[in-house]
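S.K.: Got a structure for you, questions after.
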Amino acid sequence: MTARGGGDDQAYGRAVLYGVCVIGVAAIVFAAVNFWAATRTNCAGAQTRLCDTPAQAAVMIGPSLVLLAGGIGAFVHTYQRYRDGRSWRVWQGAGWFLFILMTAYLMISAGTTVTG
């Protein structure tokens with residue numbers, strides 16, 4: 001067992017793999033939602049893929065929920081490792097990274113879905 005909060009190479013690798021997998025799932029959800037938005041009959045004649053509110057909301061919310069759930073999962077893992085006296089800081093970093101990525105994605109997608 002390592003010192004509370006100390007370094008652990010396996011913890012680092014697992015946290016990075018976890019973050020990459022969460023980002024990968026968010027990318028798959030993004031691609032699926034974009035495909036759904038592109039093939040809807042409501043938007044068949046529109047100039048843009050995000051022609052109405054349901055399409056805009058799906059593109060904005062879908063990947064964001066995946067990143068939110070991933071960040072919460074990383075923080076839960078952080079607490080479990082902290083409670084057991086194992087290396088936990090890298091998991092906290094993964095959680096904050098996923099939360100920041102979610103916030104950035106929400107800001108960018110909200111800016112692109114505003115119609116004027």
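How things are named: the first chain in the structure tokens is A, the next is B, and so on; residues count from 1 in each chain; ligands count from 1 in the order shown.
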With only C-alpha atoms counted and 9 Å as the cut-off, give the residues of stretch 16-62 of chain A in contact with stretch 88-101 of chain A, each with its shortest interatomic distance in Å and the pair that gives it, as CSV.
M.R.:
```
residue,atom,partner,partner_atom,distance
A:Val16,CA,A:Ala94,CA,7.2
A:Tyr18,CA,A:Ala94,CA,8.2
A:Gly19,CA,A:Ala94,CA,6.3
A:Val22,CA,A:Leu98,CA,8.3
A:Ile23,CA,A:Leu98,CA,8.1
```
S.K.: Would you return as a ChimeraX atom specification the members of stretch 38-106 of chain A that DSSP assigns to alpha helix (DSSP H) on this structure's backbone?
M.R.: /A:38,53-83,89-106
S.K.: Could you check which of A:Pro54, A:Ile108, A:Met102, A:Thr78 is closest to A:Val33, using only C-alpha atoms?
M.R.: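 For A:Val33, the nearest of the candidates is A:Pro54.
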S.K.: Just to confirm, what's the straight-line distance from atom CA of A:Val29 to atom CA of A:His77 in Å (one decimal)?
M.R.: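 Result for atom CA of A:Val29 versus atom CA of A:His77: 23.3 Å, one decimal.
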S.K.: What is the atom CA of A:Ala31 to atom CA of A:Ala15 distance in Å?
M.R.: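 Distance between the two atoms: 24.3 Å.
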S.K.: From the list A:Leu17, A:Ala32, A:Ala69, A:Ala37, which residue is nearest A:Ala57 when using only C-alpha atoms?
M.R.: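 Counting only C-alpha atoms, the residue closest to A:Ala57 is A:Ala37.
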S.K.: Which residue is closest to A:Ala110? Choose from A:Ala38, A:Leu67, A:Val76, A:Ile61 and count only C-alpha atoms.
M.R.: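 Smallest separation from A:Ala110 among the options: A:Ile61.
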